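**Student:** Dropping in input19.cif, with mmCIF, C-alpha atoms.
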data_protein
loop_
_atom_site.label_atom_id
_atom_site.label_comp_id
_atom_site.auth_asym_id
_atom_site.auth_seq_id
_atom_site.Cartn_x
_atom_site.Cartn_y
_atom_site.Cartn_z
CA MET A 5 25.01 -7.46 -3.43
CA LEU A 6 28.78 -7.75 -3.45
CA GLY A 7 31.31 -6.90 -6.11
CA ALA A 8 34.67 -5.43 -6.98
CA THR A 9 34.74 -2.71 -9.60
CA THR A 10 36.22 -3.23 -13.06
CA GLY A 11 36.95 -0.99 -16.00
CA THR A 12 36.54 2.78 -15.72
CA ARG A 13 38.03 4.38 -12.62
CA ILE A 14 35.47 6.47 -10.74
CA GLY A 15 36.45 8.68 -7.84
CA ILE A 16 35.29 11.49 -5.58
CA THR A 17 36.52 14.82 -6.94
CA GLY A 18 34.61 17.22 -4.71
CA LEU A 19 33.30 17.22 -1.16
CA GLY A 20 31.07 19.61 0.77
CA THR A 21 29.12 19.56 4.05
CA ASN A 22 26.71 21.70 6.02
CA VAL A 23 24.95 21.55 9.39
CA PRO A 24 22.32 23.83 10.92
CA ASP A 25 23.48 26.66 13.17
CA ARG A 26 21.41 25.56 16.16
CA VAL A 27 23.42 23.49 18.65
CA MET A 28 21.40 21.31 21.04
CA THR A 29 23.44 20.13 24.02
CA ASN A 30 22.73 17.22 26.30
CA ASP A 31 21.97 19.61 29.13
CA GLU A 32 19.29 21.29 27.01
CA LEU A 33 17.68 17.92 26.25
CA ALA A 34 17.72 17.15 29.97
CA GLN A 35 15.31 20.05 30.40
CA ILE A 36 12.86 18.38 27.98
CA VAL A 37 13.03 14.67 28.88
CA ASP A 38 14.25 12.62 31.84
CA THR A 39 17.94 12.34 30.98
CA SER A 40 21.33 13.87 31.76
CA ASP A 41 24.58 14.71 30.04
CA GLU A 42 26.28 11.85 31.88
CA TRP A 43 23.60 9.32 30.88
CA ILE A 44 23.75 10.28 27.20
CA ARG A 45 27.54 10.37 26.98
CA GLU A 46 27.94 7.03 28.74
CA ARG A 47 25.53 5.23 26.41
CA THR A 48 26.13 7.00 23.09
CA GLY A 49 29.26 9.16 23.21
CA ILE A 50 27.18 12.15 22.07
CA ARG A 51 27.57 15.54 23.78
CA GLU A 52 25.70 17.76 21.29
CA ARG A 53 23.95 17.73 17.94
CA ARG A 54 22.60 20.23 15.39
CA PHE A 55 18.87 20.79 14.91
CA ALA A 56 17.28 22.63 12.02
CA SER A 57 15.12 25.64 12.77
CA ASP A 58 11.36 25.48 12.28
CA ASP A 59 11.55 27.00 8.80
CA GLU A 60 14.48 24.89 7.56
CA ALA A 61 13.89 21.80 5.41
CA LEU A 62 16.27 19.29 3.88
CA THR A 63 17.08 21.31 0.76
CA ASP A 64 17.95 24.33 2.92
CA ILE A 65 20.53 22.23 4.76
CA ALA A 66 21.76 20.36 1.68
CA MET A 67 22.14 23.27 -0.74
CA PRO A 68 25.31 24.78 0.82
CA ALA A 69 26.90 21.32 0.93
CA ALA A 70 26.16 20.80 -2.78
CA VAL A 71 27.53 24.22 -3.71
CA GLU A 72 30.70 23.55 -1.72
CA ALA A 73 31.19 20.13 -3.36
CA LEU A 74 30.83 21.60 -6.86
CA ALA A 75 33.32 24.37 -6.07
CA ASP A 76 35.74 21.86 -4.56
CA ALA A 77 35.60 19.80 -7.77
CA ALA A 78 35.82 22.92 -9.97
CA VAL A 79 32.69 21.66 -11.75
CA ASP A 80 30.01 23.89 -13.20
CA ALA A 81 26.53 22.86 -12.08
CA SER A 82 25.32 22.80 -15.68
CA ASP A 83 27.77 19.96 -16.41
CA VAL A 84 26.23 17.61 -13.83
CA ASP A 85 24.00 15.05 -15.54
CA LEU A 86 22.99 12.99 -12.49
CA LEU A 87 21.86 14.09 -9.03
CA ILE A 88 20.97 11.52 -6.38
CA CYS A 89 19.69 12.71 -3.02
CA ALA A 90 19.77 10.12 -0.24
CA THR A 91 17.32 11.07 2.50
CA VAL A 92 14.37 9.87 4.57
CA THR A 93 13.27 13.44 5.36
CA PRO A 94 12.72 15.17 1.99
CA ASP A 95 11.02 18.55 1.86
CA MET A 96 7.96 16.61 0.63
CA MET A 97 7.32 13.35 -1.22
CA PHE A 98 7.06 15.19 -4.53
CA PRO A 99 8.44 17.16 -6.13
CA THR A 100 11.54 15.37 -4.91
CA SER A 101 14.28 17.16 -3.04
CA SER A 102 16.68 16.09 -5.79
CA ALA A 103 14.57 17.82 -8.43
CA LEU A 104 14.35 20.96 -6.31
CA LEU A 105 18.11 20.97 -5.76
CA ALA A 106 18.84 20.40 -9.45
CA ASP A 107 16.58 23.30 -10.43
CA THR A 108 18.02 25.74 -7.89
CA LEU A 109 21.61 24.76 -8.67
CA GLY A 110 21.07 25.10 -12.42
CA MET A 111 21.35 21.55 -13.75
CA PRO A 112 19.12 21.39 -16.85
CA LYS A 113 20.74 18.17 -18.11
CA ALA A 114 20.56 16.24 -14.85
CA ALA A 115 18.46 13.20 -14.10
CA ALA A 116 17.44 13.69 -10.47
CA TYR A 117 15.85 11.35 -7.96
CA ASP A 118 15.64 10.72 -4.23
CA LEU A 119 16.90 7.48 -2.71
CA LEU A 120 15.49 6.06 0.50
CA ALA A 121 17.68 3.58 2.38
CA GLY A 122 17.76 4.99 5.88
CA CYS A 123 21.15 5.77 7.35
CA THR A 124 22.73 3.62 4.62
CA GLY A 125 21.42 5.99 1.96
CA PHE A 126 24.72 7.69 1.17
CA VAL A 127 26.53 4.39 0.54
CA TYR A 128 23.66 3.15 -1.66
CA ALA A 129 23.72 6.45 -3.57
CA ILE A 130 27.45 6.44 -4.31
CA ALA A 131 27.16 2.81 -5.48
CA GLN A 132 24.37 3.80 -7.88
CA ALA A 133 26.31 6.83 -9.11
CA TYR A 134 29.34 4.61 -9.67
CA GLY A 135 27.26 2.29 -11.84
CA MET A 136 25.88 5.15 -13.94
CA LEU A 137 29.32 6.67 -14.42
CA ALA A 138 31.16 3.41 -15.11
CA SER A 139 28.59 2.42 -17.73
CA GLY A 140 28.93 5.72 -19.53
CA LEU A 141 25.31 6.75 -18.92
CA SER A 142 26.55 9.65 -16.81
CA ARG A 143 29.69 11.74 -17.03
CA CYS A 144 29.44 13.79 -13.83
CA ALA A 145 27.31 13.00 -10.77
CA LEU A 146 26.42 14.88 -7.63
CA VAL A 147 25.46 12.71 -4.65
CA VAL A 148 23.79 14.39 -1.70
CA GLY A 149 23.21 12.66 1.64
CA GLY A 150 21.36 14.39 4.41
CA ASP A 151 18.50 14.36 6.87
CA VAL A 152 16.60 16.60 9.26
CA LEU A 153 15.50 13.89 11.65
CA SER A 154 14.58 16.45 14.31
CA LYS A 155 11.38 16.97 12.29
CA ILE A 156 10.16 13.40 12.91
CA LEU A 157 11.40 12.72 16.44
CA ASP A 158 9.13 12.11 19.42
CA TRP A 159 10.21 14.84 21.81
CA GLU A 160 8.88 12.83 24.74
CA ASP A 161 10.93 9.72 23.95
CA ARG A 162 14.44 10.06 25.36
CA SER A 163 15.57 6.77 23.77
CA THR A 164 15.40 8.36 20.30
CA LEU A 165 15.52 12.08 21.01
CA VAL A 166 19.08 11.99 22.36
CA LEU A 167 20.50 10.02 19.41
CA PHE A 168 19.78 12.01 16.29
CA GLY A 169 20.86 15.27 14.69
CA ASP A 170 20.53 17.12 11.40
CA GLY A 171 23.17 17.59 8.71
CA ALA A 172 24.10 17.02 5.08
CA GLY A 173 27.04 16.25 2.85
CA ALA A 174 27.62 16.07 -0.88
CA VAL A 175 30.22 14.61 -3.21
CA VAL A 176 30.97 15.05 -6.89
CA MET A 177 31.86 11.79 -8.64
CA GLU A 178 33.64 11.56 -11.99
CA PRO A 179 35.95 9.28 -13.98
CA VAL A 180 39.51 9.76 -12.71
CA ASP A 181 42.95 8.86 -14.03
CA ARG A 182 44.03 6.91 -10.93
CA GLY A 183 42.62 5.44 -7.73
CA GLY A 184 38.86 5.45 -7.26
CA PHE A 185 36.27 3.00 -5.97
CA LEU A 186 37.35 -0.64 -5.63
CA GLY A 187 34.06 -2.26 -4.63
CA PHE A 188 30.73 -2.20 -2.83
CA GLU A 189 28.72 -4.50 -0.55
CA LEU A 190 25.03 -3.70 -0.05
CA GLY A 191 22.20 -5.55 1.67
CA ALA A 192 18.73 -5.31 3.16
CA ASP A 193 16.62 -7.25 5.64
CA GLY A 194 12.99 -6.15 5.60
CA ALA A 195 12.14 -8.67 8.33
CA GLY A 196 13.94 -6.39 10.77
CA GLY A 197 12.24 -3.26 9.49
CA GLU A 198 9.81 -3.13 12.40
CA ASN A 199 12.73 -2.34 14.71
CA LEU A 200 13.31 1.08 13.15
CA TRP A 201 10.31 2.55 11.41
CA TYR A 202 8.18 5.61 10.69
CA PRO A 203 4.52 4.50 10.81
CA GLY A 204 1.88 6.47 8.98
CA SER A 205 4.42 8.10 6.67
CA GLY A 206 3.29 6.39 3.46
CA SER A 207 0.35 4.65 1.81
CA ARG A 208 -0.12 2.02 4.55
CA LYS A 209 -3.07 3.07 6.70
CA PHE A 210 -2.79 2.81 10.47
CA ASP A 211 -5.67 3.41 12.87
CA ASN A 212 -3.35 5.33 15.15
CA PRO A 213 -0.16 6.03 13.22
CA GLU A 214 1.53 8.36 15.73
CA ALA A 215 3.66 9.36 12.79
CA LEU A 216 6.97 9.79 14.55
CA LEU A 217 10.19 7.79 14.35
CA LYS A 218 10.11 4.63 16.46
CA MET A 219 13.01 2.35 17.33
CA ASN A 220 13.66 -0.85 19.23
CA GLY A 221 17.06 0.23 20.49
CA ARG A 222 18.18 -3.17 21.76
CA GLU A 223 17.48 -4.93 18.46
CA VAL A 224 18.98 -2.17 16.33
CA PHE A 225 22.12 -2.23 18.47
CA LYS A 226 22.45 -6.00 17.97
CA PHE A 227 21.94 -5.63 14.23
CA ALA A 228 24.39 -2.75 13.92
CA THR A 229 27.23 -4.38 15.84
CA ARG A 230 26.89 -7.54 13.76
CA ILE A 231 26.45 -6.00 10.32
CA MET A 232 29.17 -3.34 10.61
CA VAL A 233 31.71 -6.12 11.02
CA HIS A 234 30.13 -8.53 8.52
CA SER A 235 29.90 -6.00 5.69
CA ALA A 236 33.53 -4.97 5.95
CA GLN A 237 34.68 -8.59 6.19
CA GLU A 238 32.75 -9.41 3.02
CA LEU A 239 34.00 -6.48 0.97
CA LEU A 240 37.71 -6.32 1.75
CA PRO A 241 38.72 -9.79 0.43
CA GLU A 242 36.43 -9.33 -2.59
CA CYS A 243 38.62 -6.34 -3.49
CA GLY A 244 41.85 -8.18 -2.74
CA LYS A 245 42.46 -6.20 0.43
CA SER A 246 42.75 -6.94 4.15
CA VAL A 247 41.94 -5.02 7.30
CA GLU A 248 45.62 -4.19 7.61
CA ASP A 249 45.48 -2.38 4.26
CA VAL A 250 42.81 0.08 5.45
CA ASP A 251 44.23 3.54 6.13
CA VAL A 252 41.02 5.35 7.06
CA TYR A 253 37.87 3.76 8.48
CA ILE A 254 34.67 5.81 8.32
CA PRO A 255 31.79 4.03 10.05
CA HIS A 256 28.27 5.41 10.23
CA GLN A 257 28.16 7.66 13.28
CA ALA A 258 25.22 6.12 15.11
CA ASN A 259 26.66 5.44 18.54
CA LYS A 260 30.20 5.42 19.94
CA ARG A 261 29.63 2.01 21.53
CA ILE A 262 28.74 0.51 18.14
CA ILE A 263 31.86 2.03 16.58
CA ASP A 264 34.07 0.76 19.41
CA TYR A 265 32.64 -2.75 19.02
CA ALA A 266 33.23 -2.72 15.25
CA ILE A 267 36.84 -1.60 15.38
CA ASP A 268 37.60 -4.11 18.12
CA LYS A 269 36.13 -7.02 16.16
CA LEU A 270 37.68 -5.92 12.86
CA GLY A 271 41.04 -5.14 14.39
CA ILE A 272 41.17 -1.60 13.04
CA PRO A 273 43.21 0.74 15.27
CA SER A 274 41.28 3.64 16.76
CA GLU A 275 43.78 6.08 15.24
CA LYS A 276 42.61 4.99 11.77
CA THR A 277 38.95 5.52 12.65
CA VAL A 278 37.07 8.79 12.14
CA VAL A 279 34.63 9.57 14.97
CA ASN A 280 32.58 12.76 15.20
CA VAL A 281 29.36 11.42 16.73
CA GLU A 282 30.07 13.45 19.87
CA ARG A 283 29.48 16.69 17.88
CA TYR A 284 26.69 15.74 15.50
CA GLY A 285 24.87 12.67 16.82
CA ASN A 286 23.38 10.36 14.22
CA THR A 287 22.73 12.45 11.09
CA SER A 288 21.54 9.46 9.03
CA SER A 289 22.54 9.90 5.36
CA GLY A 290 24.67 12.91 6.29
CA SER A 291 26.82 10.89 8.66
CA ILE A 292 29.50 9.48 6.35
CA PRO A 293 30.11 12.59 4.23
CA LEU A 294 30.40 14.68 7.41
CA ALA A 295 33.02 12.22 8.68
CA LEU A 296 34.79 12.28 5.30
CA ALA A 297 35.08 16.04 5.60
CA ASP A 298 36.59 15.73 9.08
CA ALA A 299 39.07 13.17 7.76
CA ARG A 300 40.18 15.61 5.07
CA VAL A 301 40.55 18.50 7.53
CA GLU A 302 42.68 16.22 9.72
CA GLY A 303 44.94 15.40 6.74
CA ARG A 304 43.95 11.74 6.54
CA LEU A 305 42.79 11.67 2.91
CA GLN A 306 46.22 11.48 1.36
CA GLU A 307 46.84 10.35 -2.20
CA GLY A 308 46.48 6.56 -2.36
CA ALA A 309 44.90 6.19 1.09
CA LEU A 310 42.56 3.20 1.29
CA VAL A 311 39.26 4.41 2.77
CA LEU A 312 36.59 2.02 4.04
CA MET A 313 33.07 3.42 4.59
CA THR A 314 30.31 1.37 6.23
CA GLY A 315 26.74 2.33 7.04
CA MET A 316 23.61 0.66 8.37
CA GLY A 317 20.12 1.84 9.11
CA ALA A 318 16.37 1.63 8.61
CA GLY A 319 15.13 -1.00 6.23
CA LEU A 320 17.00 -2.66 7.76
CA THR A 321 19.80 -1.86 5.31
CA TRP A 322 23.57 -1.87 5.28
CA GLY A 323 26.41 -1.13 2.91
CA SER A 324 30.15 -0.67 2.57
CA ALA A 325 32.27 1.09 -0.03
CA LEU A 326 36.02 0.86 -0.52
CA ILE A 327 37.88 3.64 -2.30
CA GLU A 328 41.50 4.41 -3.05
CA TRP A 329 41.56 8.13 -2.44
CA THR A 330 42.97 10.25 -5.21
CA ASN A 331 43.60 13.89 -5.84
CA GLY A 332 43.98 13.11 -9.51
CA ARG A 333 42.01 15.11 -12.02
CA PRO A 334 39.01 13.78 -13.92
CA ARG A 335 39.69 11.98 -17.18
#
What would you get if you wrote out this structure as structure tokens?
**Tutor:**
Amino acid sequence: MLGATTGTRIGITGLGTNVPDRVMTNDELAQIVDTSDEWIRERTGIRERRFASDDEALTDIAMPAAVEALADAAVDASDVDLLICATVTPDMMFPTSSALLADTLGMPKAAAYDLLAGCTGFVYAIAQAYGMLASGLSRCALVVGGDVLSKILDWEDRSTLVLFGDGAGAVVMEPVDRGGFLGFELGADGAGGENLWYPGSGSRKFDNPEALLKMNGREVFKFATRIMVHSAQELLPECGKSVEDVDVYIPHQANKRIIDYAIDKLGIPSEKTVVNVERYGNTSSGSIPLALADARVEGRLQEGALVLMTGMGAGLTWGSALIEWTNGRPR
């Protein structure tokens, strides 16, 4: 799916993030599996990540991010009429984490549902929220992206254990008087799904599910390096823009080597790229909003800045969003 936006301007008016308190360093992981700080840094760029405590679930991590986003947008929770939660690690299959969040936040008018698109979930969710808002079906949306992947990791498999972390982000989306989203590119390839999967987690019966996250790292790396470049190259000209026009590039924080490959092939300078994978690891649907927050703290999200976001993940799925950042007020 590829398209430039038309008609109503929709932008991000509030942003919030949250990560668990527990910091897990590479040296700590080296006491659990056969690895080392040097080995992990060389192959991934990660030096630490956050892991939820035993009694923390997704909504516990996501709630502070949602509250912060609402406050940042100066929006009352009761005015939100759409809540989308992008995650592959909900508190439970039902009731959905989105419904639980909407209830706790106080959103009696909100339609609420979970969206499952792997690490691409946040990009899929903001595209869906855009469609609802641009059509007039919604007036104010809250999009939450987050995961607690530590709950489904195999703690004996160093190839996956060292990569992932927990975290969440949230954005408020509303019609704005200037700037806003310019276009989206989304895709999926189920034929590659067996390279990153969670067997035994649904209605498909397995004799020995070993229900923990499994990944073919080599194939996922090949997919990621190809699709990160392809998605951006598809979207930019569709929106009448070029790589040179991009002011801030926010790639999914899966692996520093993947990010380095993408910016080299796209020709995006490293100084325009937001990278925080060394502090958080791969937080799945929380990755891009966490990086957005870092970009704002660093002063990169200036009025009129062209921001390119690209994600990819389980499914296999991918997606890019292009937004002209604005500090303009909602219409």
**Student:** Give me, as JSON lines, the closest atom pair and its distance (Å, one decimal) for every residue of stretch 31-144 of chain A within a cut-off of 10 Å of stretch 186-200 of chain A, counting only C-alpha atoms, rows sorted by chain and rising number.
**Tutor:**
{"residue": "A:Ala121", "atom": "CA", "partner": "A:Ala192", "partner_atom": "CA", "distance": 9.0}
{"residue": "A:Gly122", "atom": "CA", "partner": "A:Leu200", "partner_atom": "CA", "distance": 9.4}
{"residue": "A:Thr124", "atom": "CA", "partner": "A:Leu190", "partner_atom": "CA", "distance": 9.0}
{"residue": "A:Val127", "atom": "CA", "partner": "A:Leu190", "partner_atom": "CA", "distance": 8.2}
{"residue": "A:Tyr128", "atom": "CA", "partner": "A:Leu190", "partner_atom": "CA", "distance": 7.2}
{"residue": "A:Ile130", "atom": "CA", "partner": "A:Phe188", "partner_atom": "CA", "distance": 9.4}
{"residue": "A:Ala131", "atom": "CA", "partner": "A:Phe188", "partner_atom": "CA", "distance": 6.7}
{"residue": "A:Tyr134", "atom": "CA", "partner": "A:Gly187", "partner_atom": "CA", "distance": 9.7}
**Student:** When you count only C-alpha atoms, which of these residues is closest to A:Gly169: A:Ser102, A:Thr287, A:Thr63, A:Thr9?
**Tutor:**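 Of A:Ser102, A:Thr287, A:Thr63, A:Thr9, the one nearest A:Gly169, counting only C-alpha atoms, is A:Thr287.
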**Student:** List the residues selected by the PyMOL selection byres ((chain A and resi 317) around 9) in the file shown, writing them as a ChimeraX atom specification.
**Tutor:** /A:121-125,200,224,228,256,258,288,315-316,318-322
**Student:** For A:Lys276, which of A:Asp251, A:Asp298, A:Asp264, A:Asp161 is the closest residue, counting all atoms listed in the file?
**Tutor:**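 Of the candidates, the smallest distance to A:Lys276 is held by A:Asp251.
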**Student:** Compare A:Pro99, A:Leu305, A:Thr314, A:Asn286 by their minimum atom-to-atom distance to A:Val233, counting all atoms listed in the file, and give me the closest one.
**Tutor:** A:Thr314
**Student:** Quick one: apply the PyMOL selection byres ((chain A and resi 48-60) around 6) to the file and drop the selected residues here as a list in words.
**Tutor:**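 Taken over the shown coordinates, the PyMOL selection byres ((chain A and resi 48-60) around 6) returns Pro24, Arg26, Val27, Met28, Thr29, Asn30, Ile44, Arg45, Glu46, Arg47, Ala61, Asp64, Gly169, Asp170, Asn259, Lys260, Val281, Glu282, Arg283, Tyr284 and Gly285 of chain A.
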**Student:** Any idea what the distance is between atom CA of A:Pro273 and atom CA of A:Gln237?
**Tutor:**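 Between these atoms lies a distance of 15.6 Å.
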**Student:** Rank nothing, just name the residue among A:Gly244, A:Gly171, A:Gly149, A:Gly7 nearest to A:Gly135, using all atoms listed in the file.
**Tutor:**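 Looking at the shortest contact to A:Gly135, the residue is A:Gly7.
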**Student:** Expand the PyMOL selection byres ((chain A and resi 160) around 9) into the explicit residue set it covers here, and present it as a ChimeraX atom specification.
**Tutor:** /A:36-38,157-159,161-162,165
**Student:** Could you save those same residues with C-alpha atoms as an mmCIF file, in the frame of the given file?
**Tutor:**
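Result file is selection-v4.cif:
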data_model
loop_
_atom_site.group_PDB
_atom_site.id
_atom_site.type_symbol
_atom_site.label_atom_id
_atom_site.label_comp_id
_atom_site.auth_asym_id
_atom_site.auth_seq_id
_atom_site.Cartn_x
_atom_site.Cartn_y
_atom_site.Cartn_z
ATOM 1 C CA ILE A 36 12.860 18.380 27.980
ATOM 2 C CA VAL A 37 13.030 14.670 28.880
ATOM 3 C CA ASP A 38 14.250 12.620 31.840
ATOM 4 C CA LEU A 157 11.400 12.720 16.440
ATOM 5 C CA ASP A 158 9.130 12.110 19.420
ATOM 6 C CA TRP A 159 10.210 14.840 21.810
ATOM 7 C CA ASP A 161 10.930 9.720 23.950
ATOM 8 C CA ARG A 162 14.440 10.060 25.360
ATOM 9 C CA LEU A 165 15.520 12.080 21.010
#
**Student:** Show which residues sit within 10 Å of A:Val250, as a ChimeraX atom specification. Count all atoms listed in the file, and ignore same-chain residues fewer than 6 positions away.
**Tutor:** /A:240,272-273,276-277,309-312,326-328
**Student:** Using all atoms listed in the file for the distances, tell me which of A:Ala66, A:Val175, A:Ile231, A:Ala75 is nearest to A:Ile292.
**Tutor:**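 Among the listed residues, A:Val175 lies closest to A:Ile292.
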**Student:** Quick one: distance from atom CA of A:Leu153 to atom CA of A:Ala115 in Å, one decimal?
**Tutor:** 25.9 Å
**Student:** Quick one: residues within 12 Å of stretch 206-209 of chain A, only C-alpha atoms counted, chain neighbours fewer than 4 positions away excluded, as a ChimeraX atom specification?
**Tutor:** /A:92,96-97,201-202,213-215
**Student:** What does the distance from atom CA of A:Met232 to atom CA of A:Met5 come to in Å, to one decimal?
**Tutor:** 15.2 Å
**Student:** Looking at A:Val152, A:Ala174, A:Val79, A:Leu74, which one is nearest to A:Thr91, with distances taken over all atoms listed in the file?
**Tutor:** A:Val152
**Student:** Show which residues sit within 8 Å of A:Pro179, as a ChimeraX atom specification. Count all atoms listed in the file, and ignore same-chain residues fewer than 6 positions away.
**Tutor:** /A:12-15,137-138,143-144,334-335
**Student:** Neighbours of A:Ser82 within 7 Å (all atoms listed in the file; same-chain residues fewer than 5 positions away dropped), as a tab-separated table (two decimals) with C-alpha atoms, keeping the file's coordinate frame?
**Tutor:**
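So the final result, stored in selection_24.tsv, reads:
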chain	number	residue	atom	x	y	z
A	110	GLY	CA	21.07	25.10	-12.42
A	111	MET	CA	21.35	21.55	-13.75
A	112	PRO	CA	19.12	21.39	-16.85
A	113	LYS	CA	20.74	18.17	-18.11
**Student:** Could you write stretch 304-311 of chain A as a PDB file, in the frame of the given file, with all heavy atoms rebuilt where they are missing?
**Tutor:**
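Heads up, here's the output in out_22.pdb:
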ATOM      1  N   ARG A 304      43.926  13.196   6.698  1.00  0.00           N
ATOM      2  CA  ARG A 304      43.950  11.740   6.540  1.00  0.00           C
ATOM      3  C   ARG A 304      43.747  11.278   5.109  1.00  0.00           C
ATOM      4  O   ARG A 304      44.139  10.162   4.750  1.00  0.00           O
ATOM      5  CB  ARG A 304      42.874  11.099   7.418  1.00  0.00           C
ATOM      6  CG  ARG A 304      42.987  11.402   8.896  1.00  0.00           C
ATOM      7  CD  ARG A 304      42.114  10.441   9.669  1.00  0.00           C
ATOM      8  NE  ARG A 304      41.858  10.872  11.031  1.00  0.00           N
ATOM      9  CZ  ARG A 304      41.409  10.068  11.980  1.00  0.00           C
ATOM     10  NH1 ARG A 304      41.163   8.798  11.698  1.00  0.00           N
ATOM     11  NH2 ARG A 304      41.175  10.518  13.199  1.00  0.00           N
ATOM     12  N   LEU A 305      43.101  12.101   4.278  1.00  0.00           N
ATOM     13  CA  LEU A 305      42.790  11.670   2.910  1.00  0.00           C
ATOM     14  C   LEU A 305      43.938  12.002   1.971  1.00  0.00           C
ATOM     15  O   LEU A 305      43.842  12.826   1.056  1.00  0.00           O
ATOM     16  CB  LEU A 305      41.482  12.342   2.444  1.00  0.00           C
ATOM     17  CG  LEU A 305      40.245  12.033   3.275  1.00  0.00           C
ATOM     18  CD1 LEU A 305      39.010  12.667   2.657  1.00  0.00           C
ATOM     19  CD2 LEU A 305      40.045  10.519   3.426  1.00  0.00           C
ATOM     20  N   GLN A 306      45.032  11.307   2.192  1.00  0.00           N
ATOM     21  CA  GLN A 306      46.220  11.480   1.360  1.00  0.00           C
ATOM     22  C   GLN A 306      46.084  10.679   0.068  1.00  0.00           C
ATOM     23  O   GLN A 306      45.329   9.705  -0.013  1.00  0.00           O
ATOM     24  CB  GLN A 306      47.468  11.046   2.128  1.00  0.00           C
ATOM     25  CG  GLN A 306      47.731  11.857   3.390  1.00  0.00           C
ATOM     26  CD  GLN A 306      48.014  13.315   3.102  1.00  0.00           C
ATOM     27  OE1 GLN A 306      48.737  13.646   2.162  1.00  0.00           O
ATOM     28  NE2 GLN A 306      47.437  14.213   3.901  1.00  0.00           N
ATOM     29  N   GLU A 307      46.825  11.076  -0.923  1.00  0.00           N
ATOM     30  CA  GLU A 307      46.840  10.350  -2.200  1.00  0.00           C
ATOM     31  C   GLU A 307      47.147   8.868  -1.969  1.00  0.00           C
ATOM     32  O   GLU A 307      48.121   8.519  -1.313  1.00  0.00           O
ATOM     33  CB  GLU A 307      47.903  10.944  -3.127  1.00  0.00           C
ATOM     34  CG  GLU A 307      47.987  10.306  -4.495  1.00  0.00           C
ATOM     35  CD  GLU A 307      46.850  10.729  -5.410  1.00  0.00           C
ATOM     36  OE1 GLU A 307      46.296  11.832  -5.230  1.00  0.00           O
ATOM     37  OE2 GLU A 307      46.521   9.935  -6.307  1.00  0.00           O
ATOM     38  N   GLY A 308      46.274   8.004  -2.474  1.00  0.00           N
ATOM     39  CA  GLY A 308      46.480   6.560  -2.360  1.00  0.00           C
ATOM     40  C   GLY A 308      45.959   5.944  -1.088  1.00  0.00           C
ATOM     41  O   GLY A 308      46.020   4.714  -0.930  1.00  0.00           O
ATOM     42  N   ALA A 309      45.424   6.735  -0.166  1.00  0.00           N
ATOM     43  CA  ALA A 309      44.900   6.190   1.090  1.00  0.00           C
ATOM     44  C   ALA A 309      43.699   5.279   0.801  1.00  0.00           C
ATOM     45  O   ALA A 309      42.829   5.613   0.003  1.00  0.00           O
ATOM     46  CB  ALA A 309      44.481   7.305   2.032  1.00  0.00           C
ATOM     47  N   LEU A 310      43.664   4.126   1.453  1.00  0.00           N
ATOM     48  CA  LEU A 310      42.560   3.200   1.290  1.00  0.00           C
ATOM     49  C   LEU A 310      41.503   3.519   2.350  1.00  0.00           C
ATOM     50  O   LEU A 310      41.757   3.408   3.547  1.00  0.00           O
ATOM     51  CB  LEU A 310      43.034   1.755   1.442  1.00  0.00           C
ATOM     52  CG  LEU A 310      42.029   0.670   1.017  1.00  0.00           C
ATOM     53  CD1 LEU A 310      41.758   0.759  -0.482  1.00  0.00           C
ATOM     54  CD2 LEU A 310      42.546  -0.712   1.390  1.00  0.00           C
ATOM     55  N   VAL A 311      40.318   3.931   1.883  1.00  0.00           N
ATOM     56  CA  VAL A 311      39.260   4.410   2.770  1.00  0.00           C
ATOM     57  C   VAL A 311      38.093   3.430   2.732  1.00  0.00           C
ATOM     58  O   VAL A 311      37.548   3.139   1.664  1.00  0.00           O
ATOM     59  CB  VAL A 311      38.787   5.814   2.358  1.00  0.00           C
ATOM     60  CG1 VAL A 311      37.707   6.311   3.318  1.00  0.00           C
ATOM     61  CG2 VAL A 311      39.959   6.790   2.314  1.00  0.00           C
TER      62      VAL A 311
END
